[in-house]
$ cat input_0.tsv   # TSV, C-alpha atoms
chain	number	residue	atom	x	y	z
S	1	MET	CA	70.74	71.85	114.03
S	2	ALA	CA	71.74	74.74	116.21
S	3	ARG	CA	70.20	78.06	115.30
S	4	LEU	CA	73.51	79.82	114.80
S	5	ASP	CA	74.94	77.20	112.46
S	6	GLY	CA	75.90	78.86	109.20
S	7	LYS	CA	75.19	82.35	110.60
S	8	LYS	CA	77.56	85.30	110.58
S	9	LEU	CA	78.63	87.06	113.76
S	10	LEU	CA	80.41	90.39	114.11
S	11	ALA	CA	82.22	91.73	117.19
S	12	CYS	CA	82.71	95.51	117.34
S	13	CYS	CA	84.70	97.84	119.57
S	14	ALA	CA	86.00	101.40	119.34
S	15	ASN	CA	89.06	100.55	117.32
S	16	GLY	CA	88.53	97.03	116.10
S	17	ALA	CA	91.84	95.93	117.53
S	18	GLY	CA	91.59	95.14	121.23
S	19	SER	CA	88.28	94.46	122.85
S	20	SER	CA	86.64	93.20	119.67
S	21	LEU	CA	89.40	90.61	119.35
S	22	LEU	CA	88.85	89.54	122.96
S	23	MET	CA	85.16	89.30	122.14
S	24	GLU	CA	85.81	87.25	119.01
S	25	ASN	CA	87.94	84.93	121.09
S	26	ALA	CA	85.20	84.53	123.71
S	27	ILE	CA	82.53	84.00	121.02
S	28	LYS	CA	84.62	81.20	119.51
S	29	LYS	CA	84.76	79.51	122.91
S	30	VAL	CA	80.97	79.69	123.24
S	31	MET	CA	80.50	78.28	119.74
S	32	THR	CA	82.85	75.37	120.39
S	33	ARG	CA	81.25	74.62	123.76
S	34	ASN	CA	77.77	74.52	122.20
S	35	ASN	CA	78.94	72.65	119.13
S	36	ILE	CA	77.81	75.47	116.82
S	37	LYS	CA	79.43	76.04	113.46
S	38	PRO	CA	78.83	79.63	112.36
S	39	ALA	CA	79.73	80.68	108.81
S	40	ALA	CA	81.89	83.53	110.09
S	41	ILE	CA	83.02	85.31	113.23
S	42	ASN	CA	84.63	88.64	112.40
S	43	HIS	CA	85.65	91.78	114.25
S	44	CYS	CA	85.93	95.43	113.31
S	45	ALA	CA	85.73	99.00	114.58
S	46	VAL	CA	82.28	100.46	115.30
S	47	SER	CA	82.89	103.03	112.57
S	48	GLU	CA	82.92	100.20	110.00
S	49	GLY	CA	80.49	98.08	111.99
S	50	LYS	CA	77.47	100.24	111.33
S	51	SER	CA	77.54	99.74	107.59
S	52	ALA	CA	78.78	96.17	107.87
S	53	ALA	CA	76.04	95.18	110.36
S	54	SER	CA	73.38	94.45	107.74
S	55	GLY	CA	75.60	91.68	106.35
S	56	TYR	CA	75.59	89.86	109.70
S	57	ASP	CA	73.00	87.88	111.62
S	58	VAL	CA	74.35	88.88	115.02
S	59	VAL	CA	76.36	91.94	116.05
S	60	LEU	CA	77.99	92.03	119.46
S	61	CYS	CA	79.46	95.13	121.09
S	62	ALA	CA	80.23	96.67	124.47
S	63	LYS	CA	77.38	98.72	125.92
S	64	PRO	CA	78.89	102.16	125.19
S	65	PHE	CA	78.64	101.39	121.46
S	66	ALA	CA	75.00	100.31	121.41
S	67	LYS	CA	73.91	103.77	120.23
S	68	THR	CA	75.98	103.40	117.08
S	69	PHE	CA	73.73	100.57	115.95
S	70	GLU	CA	70.42	102.33	116.49
S	71	GLY	CA	68.35	101.89	113.38
S	72	ILE	CA	69.74	98.56	112.22
S	73	ASP	CA	67.07	96.21	110.85
S	74	ALA	CA	66.25	94.11	113.92
S	75	SER	CA	64.39	91.56	111.81
S	76	LYS	CA	67.66	90.69	110.06
S	77	THR	CA	70.36	91.51	112.59
S	78	THR	CA	70.28	90.85	116.32
S	79	LEU	CA	72.26	93.30	118.42
S	80	ILE	CA	73.80	91.93	121.62
S	81	THR	CA	75.37	94.41	124.04
S	82	LEU	CA	77.84	93.27	126.67
S	83	LYS	CA	79.13	94.68	129.90
S	84	ASN	CA	82.25	92.54	129.98
S	85	VAL	CA	83.42	91.89	126.43
S	86	MET	CA	85.81	89.11	127.34
S	87	SER	CA	83.33	87.07	129.34
S	88	ASP	CA	82.33	83.96	127.40
S	89	LYS	CA	79.76	83.29	130.13
S	90	GLU	CA	78.06	86.64	129.57
S	91	ILE	CA	78.07	86.08	125.79
S	92	GLU	CA	76.58	82.62	126.21
S	93	THR	CA	73.82	83.91	128.53
S	94	ALA	CA	73.06	86.85	126.19
S	95	LEU	CA	72.77	84.54	123.17
S	96	LYS	CA	70.50	82.21	125.15
S	97	ASP	CA	68.33	85.16	126.29
S	98	ALA	CA	68.05	86.24	122.66
S	99	GLY	CA	66.88	82.73	121.79
S	100	LEU	CA	69.88	82.17	119.53
S	101	ILE	CA	71.23	79.15	121.36
S	102	ASP	CA	69.38	76.47	123.32
A	1	MET	CA	107.95	80.40	121.33
A	2	SER	CA	107.95	82.70	124.30
A	3	THR	CA	104.75	83.59	126.12
A	4	VAL	CA	103.53	87.18	126.35
A	5	LEU	CA	104.72	87.43	129.95
A	6	GLN	CA	108.19	86.16	128.99
A	7	ASP	CA	108.15	88.62	126.14
A	8	ILE	CA	107.29	91.47	128.52
A	9	VAL	CA	110.27	90.53	130.69
A	10	ASN	CA	112.69	89.97	127.79
A	11	LYS	CA	111.83	93.28	126.19
A	12	LYS	CA	111.75	95.15	129.50
A	13	HIS	CA	108.17	96.17	128.81
A	14	TYR	CA	107.31	96.50	132.47
A	15	LYS	CA	106.88	99.13	135.10
A	16	PHE	CA	106.21	98.83	138.82
A	17	ILE	CA	104.81	101.96	140.41
A	18	ASP	CA	102.95	102.92	143.55
A	19	GLY	CA	100.32	105.04	141.83
A	20	GLU	CA	99.38	107.08	144.90
A	21	GLY	CA	97.61	110.25	143.83
A	22	LEU	CA	97.94	109.57	140.09
A	23	THR	CA	95.07	110.02	137.64
A	24	TRP	CA	94.24	107.28	135.13
A	25	GLN	CA	95.48	109.59	132.39
A	26	GLU	CA	98.88	109.87	134.07
A	27	CYS	CA	98.97	106.12	134.55
A	28	VAL	CA	98.14	105.40	130.90
A	29	LYS	CA	101.01	107.67	129.96
A	30	ILE	CA	103.43	105.97	132.36
A	31	SER	CA	102.33	102.54	131.10
A	32	THR	CA	103.61	103.45	127.61
A	33	GLU	CA	107.07	104.50	128.86
A	34	SER	CA	108.53	101.00	128.58
A	35	LEU	CA	107.18	100.81	125.01
A	36	ILE	CA	108.68	104.20	124.16
A	37	ALA	CA	112.05	103.09	125.55
A	38	ASP	CA	112.67	100.54	122.78
A	39	GLY	CA	110.96	102.43	120.01
A	40	SER	CA	107.73	100.39	119.98
A	41	VAL	CA	105.60	103.54	120.15
A	42	SER	CA	106.06	107.29	119.88
A	43	GLU	CA	106.22	109.58	122.88
A	44	ASP	CA	102.72	110.91	122.35
A	45	PHE	CA	101.02	107.59	121.51
A	46	TYR	CA	99.35	107.67	124.94
A	47	LYS	CA	97.27	110.67	123.90
A	48	GLN	CA	95.28	108.54	121.45
A	49	ILE	CA	94.48	106.00	124.17
A	50	ILE	CA	93.33	108.73	126.55
A	51	ALA	CA	91.15	110.26	123.83
A	52	CYS	CA	89.49	106.88	123.21
A	53	ILE	CA	88.71	106.28	126.90
A	54	GLU	CA	87.46	109.84	127.29
A	55	LYS	CA	85.14	109.31	124.33
A	56	TYR	CA	83.74	105.87	125.17
A	57	GLY	CA	84.28	105.47	128.90
A	58	PRO	CA	86.32	102.86	130.76
A	59	TYR	CA	85.01	99.84	128.85
A	60	MET	CA	88.58	98.59	128.51
A	61	VAL	CA	88.84	98.15	132.27
A	62	PHE	CA	87.75	94.58	132.91
A	63	GLU	CA	86.93	92.45	135.90
A	64	HIS	CA	89.57	91.92	138.54
A	65	ASN	CA	91.00	95.45	138.12
A	66	VAL	CA	92.66	94.76	134.80
A	67	ALA	CA	92.99	97.57	132.28
A	68	MET	CA	93.87	96.99	128.64
A	69	PRO	CA	94.52	100.47	127.23
A	70	HIS	CA	94.84	100.37	123.46
A	71	THR	CA	93.96	102.12	120.23
A	72	THR	CA	93.81	100.61	116.80
A	73	GLU	CA	96.01	98.39	114.69
A	74	ASN	CA	98.68	100.34	112.84
A	75	ALA	CA	97.84	103.49	114.77
A	76	GLU	CA	99.95	106.55	114.21
A	77	GLY	CA	103.05	106.36	116.38
A	78	VAL	CA	103.06	102.56	116.64
A	79	PHE	CA	106.14	100.87	115.22
A	80	LYS	CA	106.16	97.41	116.82
A	81	THR	CA	103.67	94.98	118.32
A	82	GLY	CA	103.87	94.58	122.06
A	83	ILE	CA	102.38	94.85	125.51
A	84	GLY	CA	103.42	97.36	128.15
A	85	PHE	CA	102.80	95.77	131.55
A	86	MET	CA	102.39	97.99	134.59
A	87	ARG	CA	101.57	97.12	138.16
A	88	CYS	CA	100.32	99.82	140.53
A	89	LYS	CA	100.22	99.30	144.27
A	90	LYS	CA	97.16	101.52	144.51
A	91	LEU	CA	93.94	101.06	142.57
A	92	ILE	CA	93.64	103.72	139.89
A	93	ASP	CA	90.20	105.28	139.46
A	94	PHE	CA	88.91	105.24	135.86
A	95	GLY	CA	85.55	106.77	136.75
A	96	LYS	CA	82.14	105.25	136.28
A	97	ASP	CA	80.98	103.14	133.36
A	98	GLU	CA	77.64	103.51	131.54
A	99	ASP	CA	75.88	101.59	134.34
A	100	GLY	CA	77.33	103.87	137.00
A	101	GLU	CA	79.73	101.22	138.23
A	102	GLN	CA	83.09	102.48	139.48
A	103	LYS	CA	85.99	101.11	137.42
A	104	GLU	CA	89.42	100.73	138.99
A	105	ALA	CA	92.61	99.05	137.86
A	106	ASN	CA	95.96	98.10	139.32
A	107	LEU	CA	97.18	95.97	136.41
A	108	PHE	CA	97.77	97.59	133.03
A	109	PHE	CA	98.37	95.69	129.81
A	110	THR	CA	98.83	98.49	127.31
A	111	LEU	CA	98.72	97.28	123.73
A	112	CYS	CA	100.40	98.46	120.59
A	113	ALA	CA	99.88	96.63	117.33
A	114	ALA	CA	101.84	96.89	114.10
A	115	ASN	CA	101.48	93.25	113.01
A	116	SER	CA	98.10	91.49	112.93
A	117	ASP	CA	99.27	87.93	113.55
A	118	GLU	CA	101.50	88.82	116.48
A	119	HIS	CA	98.76	91.02	117.89
A	120	MET	CA	96.13	88.27	117.57
A	121	ASN	CA	98.45	85.87	119.34
A	122	ASN	CA	99.00	88.44	122.12
A	123	ILE	CA	95.26	88.95	122.56
A	124	GLN	CA	94.57	85.23	122.72
A	125	GLN	CA	97.15	84.79	125.43
A	126	LEU	CA	95.88	87.84	127.31
A	127	ALA	CA	92.35	86.40	127.26
A	128	SER	CA	93.64	83.35	129.16
A	129	ILE	CA	95.61	85.54	131.56
A	130	PHE	CA	92.58	87.76	132.27
A	131	ALA	CA	90.54	84.66	133.10
A	132	ASN	CA	93.22	83.31	135.45
A	133	GLU	CA	92.49	85.02	138.77
A	134	PRO	CA	95.29	83.44	140.85
A	135	LEU	CA	97.78	84.59	138.20
A	136	LEU	CA	96.32	88.13	138.21
A	137	ASP	CA	96.60	88.22	142.02
A	138	ALA	CA	100.23	87.13	141.79
A	139	LEU	CA	100.95	89.75	139.10
A	140	ALA	CA	99.29	92.42	141.23
A	141	ALA	CA	101.67	91.46	144.04
A	142	SER	CA	104.76	91.43	141.78
A	143	ASP	CA	107.60	93.90	142.29
A	144	THR	CA	110.23	92.65	139.85
A	145	PRO	CA	110.44	91.01	136.41
A	146	GLU	CA	111.47	87.81	138.20
A	147	ASP	CA	108.16	87.94	140.09
A	148	ILE	CA	106.31	88.07	136.76
A	149	LEU	CA	108.04	84.91	135.56
A	150	LYS	CA	107.49	83.19	138.88
A	151	ALA	CA	103.79	84.07	138.82
A	152	GLU	CA	103.46	82.56	135.37
A	153	LYS	CA	105.23	79.39	136.49
A	154	ASP	CA	103.20	79.08	139.69
A	155	PHE	CA	99.82	79.65	138.03
A	156	PRO	CA	99.91	78.20	134.52
A	157	GLY	CA	96.11	78.17	134.29
A	158	GLU	CA	94.04	75.99	132.02
A	159	ASP	CA	95.00	75.34	128.47
A	160	ASP	CA	92.17	76.03	126.10
$ encode --input "input_0.tsv" --output "structure tokens"
Amino acid sequence: MARLDGKKLLACCANGAGSSLLMENAIKKVMTRNNIKPAAINHCAVSEGKSAASGYDVVLCAKPFAKTFEGIDASKTTLITLKNVMSDKEIETALKDAGLID
Amino acid sequence: MSTVLQDIVNKKHYKFIDGEGLTWQECVKISTESLIADGSVSEDFYKQIIACIEKYGPYMVFEHNVAMPHTTENAEGVFKTGIGFMRCKKLIDFGKDEDGEQKEANLFFTLCAANSDEHMNNIQQLASIFANEPLLDALAASDTPEDILKAEKDFPGEDD
């Protein structure tokens, strides 16, 4: 069983309407390609993301927003920061580096 | 159903400019003009986009010189869902990102969202367009709405 099966992923951007949707789209591609079935892939604005983060196993955001998530419980939630939010390749590599997919 | 590029042409949500000597702020403003023209957004909607980029940096400028200026869903001054397309002849400087990399754009896809489903559909189609480099090259070379439609026909890209 893949490690992200049944897990919850959250994509965040400044407004929760543009880049986070592109990210969500790219994450879905990565999940399909690796045959992973997460429990949820959601998106929101960083302003909501900070409080919502603890309810997710993985939070993904563009690098400028990394600071927002300082202080999240790293033992529960993995933070992945991306340079290019719409790159499914970058997301896949980042998840592999974090040991979340094989 | 029409594609986003057909929609851009049908709704006259396009602009072809040279861009020489213009700042990114001026370009963001100009990219909303076609959306203002049919009442999709208010005349000062662009100010919110500029404020967002000034706050967070040019993270909405992607690879291949594509910019996707946007704010939030149901932002103040947004009345319809749509995409304002703009092609600049010159590359517009958006400054450096957090890694010190210079960000430049000549293709603008400026978003406004009043309806979630339509907006989601727009974003999904844009994701395929942004990954389709031959299509982006053809759009960067376009001068007319007919060129946009021809580019789409010539470079359909992969279906995924």
$ residues_around --input "input_0.tsv" --residues "Asn35 of chain S" --least-positions-apart "2" --cutoff "12 Å" --atoms "only C-alpha atoms" --output "ChimeraX atom specification"
/S:1-5,28-33,37-38,101-102
$ write_last_selection --input "input_0.tsv" --atoms "C-alpha atoms" --output "PDB file, in the coordinates of the input"
ATOM      1  CA  MET S   1      70.740  71.850 114.030  1.00  0.00           C
ATOM      2  CA  ALA S   2      71.740  74.740 116.210  1.00  0.00           C
ATOM      3  CA  ARG S   3      70.200  78.060 115.300  1.00  0.00           C
ATOM      4  CA  LEU S   4      73.510  79.820 114.800  1.00  0.00           C
ATOM      5  CA  ASP S   5      74.940  77.200 112.460  1.00  0.00           C
ATOM      6  CA  LYS S  28      84.620  81.200 119.510  1.00  0.00           C
ATOM      7  CA  LYS S  29      84.760  79.510 122.910  1.00  0.00           C
ATOM      8  CA  VAL S  30      80.970  79.690 123.240  1.00  0.00           C
ATOM      9  CA  MET S  31      80.500  78.280 119.740  1.00  0.00           C
ATOM     10  CA  THR S  32      82.850  75.370 120.390  1.00  0.00           C
ATOM     11  CA  ARG S  33      81.250  74.620 123.760  1.00  0.00           C
ATOM     12  CA  LYS S  37      79.430  76.040 113.460  1.00  0.00           C
ATOM     13  CA  PRO S  38      78.830  79.630 112.360  1.00  0.00           C
ATOM     14  CA  ILE S 101      71.230  79.150 121.360  1.00  0.00           C
ATOM     15  CA  ASP S 102      69.380  76.470 123.320  1.00  0.00           C
TER      16      ASP S 102
END
$ atom_distance --input "input_0.tsv" --atom1 "atom CA of Gly77 of chain A" --atom2 "atom CA of Val41 of chain A"
5.4 Å
$ atom_distance --input "input_0.tsv" --atom1 "atom CA of Val61 of chain A" --atom2 "atom CA of Ala26 of chain S"
16.5 Å
$ atom_distance --input "input_0.tsv" --atom1 "atom CA of Gly18 of chain S" --atom2 "atom CA of Glu133 of chain A"
20.3 Å
$ residues_around --input "input_0.tsv" --residues "segment 66-69 of chain S" --least-positions-apart "4" --cutoff "7 Å" --atoms "only C-alpha atoms" --output "PyMOL selection string"
chain S and resi 50+61+81
$ write_last_selection --input "input_0.tsv" --atoms "C-alpha atoms" --output "short mmCIF file (atom, residue, chain, number, x, y, z; two decimals), in the frame of the given file"
data_model
loop_
_atom_site.label_atom_id
_atom_site.label_comp_id
_atom_site.auth_asym_id
_atom_site.auth_seq_id
_atom_site.Cartn_x
_atom_site.Cartn_y
_atom_site.Cartn_z
CA LYS S 50 77.47 100.24 111.33
CA CYS S 61 79.46 95.13 121.09
CA THR S 81 75.37 94.41 124.04
#
$ interface_residues --input "input_0.tsv" --of "chain S" --to "chain A" --cutoff "9 Å" --atoms "all atoms listed in the file" --output "NGL selection string"
:S and (14-19 or 21-22 or 25-26 or 29 or 45 or 62-65 or 83-87)
$ closest_residue --input "input_0.tsv" --among "A:Lys153, A:Lys15, A:Lys80, A:Lys47" --to "Asn106 of chain A" --atoms "only C-alpha atoms"
A:Lys15
$ closest_residue --input "input_0.tsv" --among "A:Ile148, A:Val78, A:Cys88, A:Leu139" --to "Ser40 of chain A" --atoms "only C-alpha atoms"
A:Val78
$ residues_around --input "input_0.tsv" --residues "Leu9 of chain S" --least-positions-apart "5" --cutoff "6 Å" --atoms "all atoms listed in the file" --output "ChimeraX atom specification"
/S:41,56,58-59
$ residues_around --input "input_0.tsv" --residues "Asp57 of chain S" --least-positions-apart "4" --cutoff "7 Å" --atoms "only C-alpha atoms" --output "PyMOL selection string"
chain S and resi 7-9+76-78
$ axis_aligned_box --input "input_0.tsv" --around "segment 59-71 of chain A" --padding-each-side "8 Å" --output "JSON"
{"center_x": 89.9, "center_y": 97.0, "center_z": 129.4, "size_x": 25.8, "size_y": 26.2, "size_z": 34.3}
$ closest_residue --input "input_0.tsv" --among "S:Gly99, S:Ala74, S:Gly49, S:Gly6" --to "Ile36 of chain S" --atoms "only C-alpha atoms"
S:Gly6
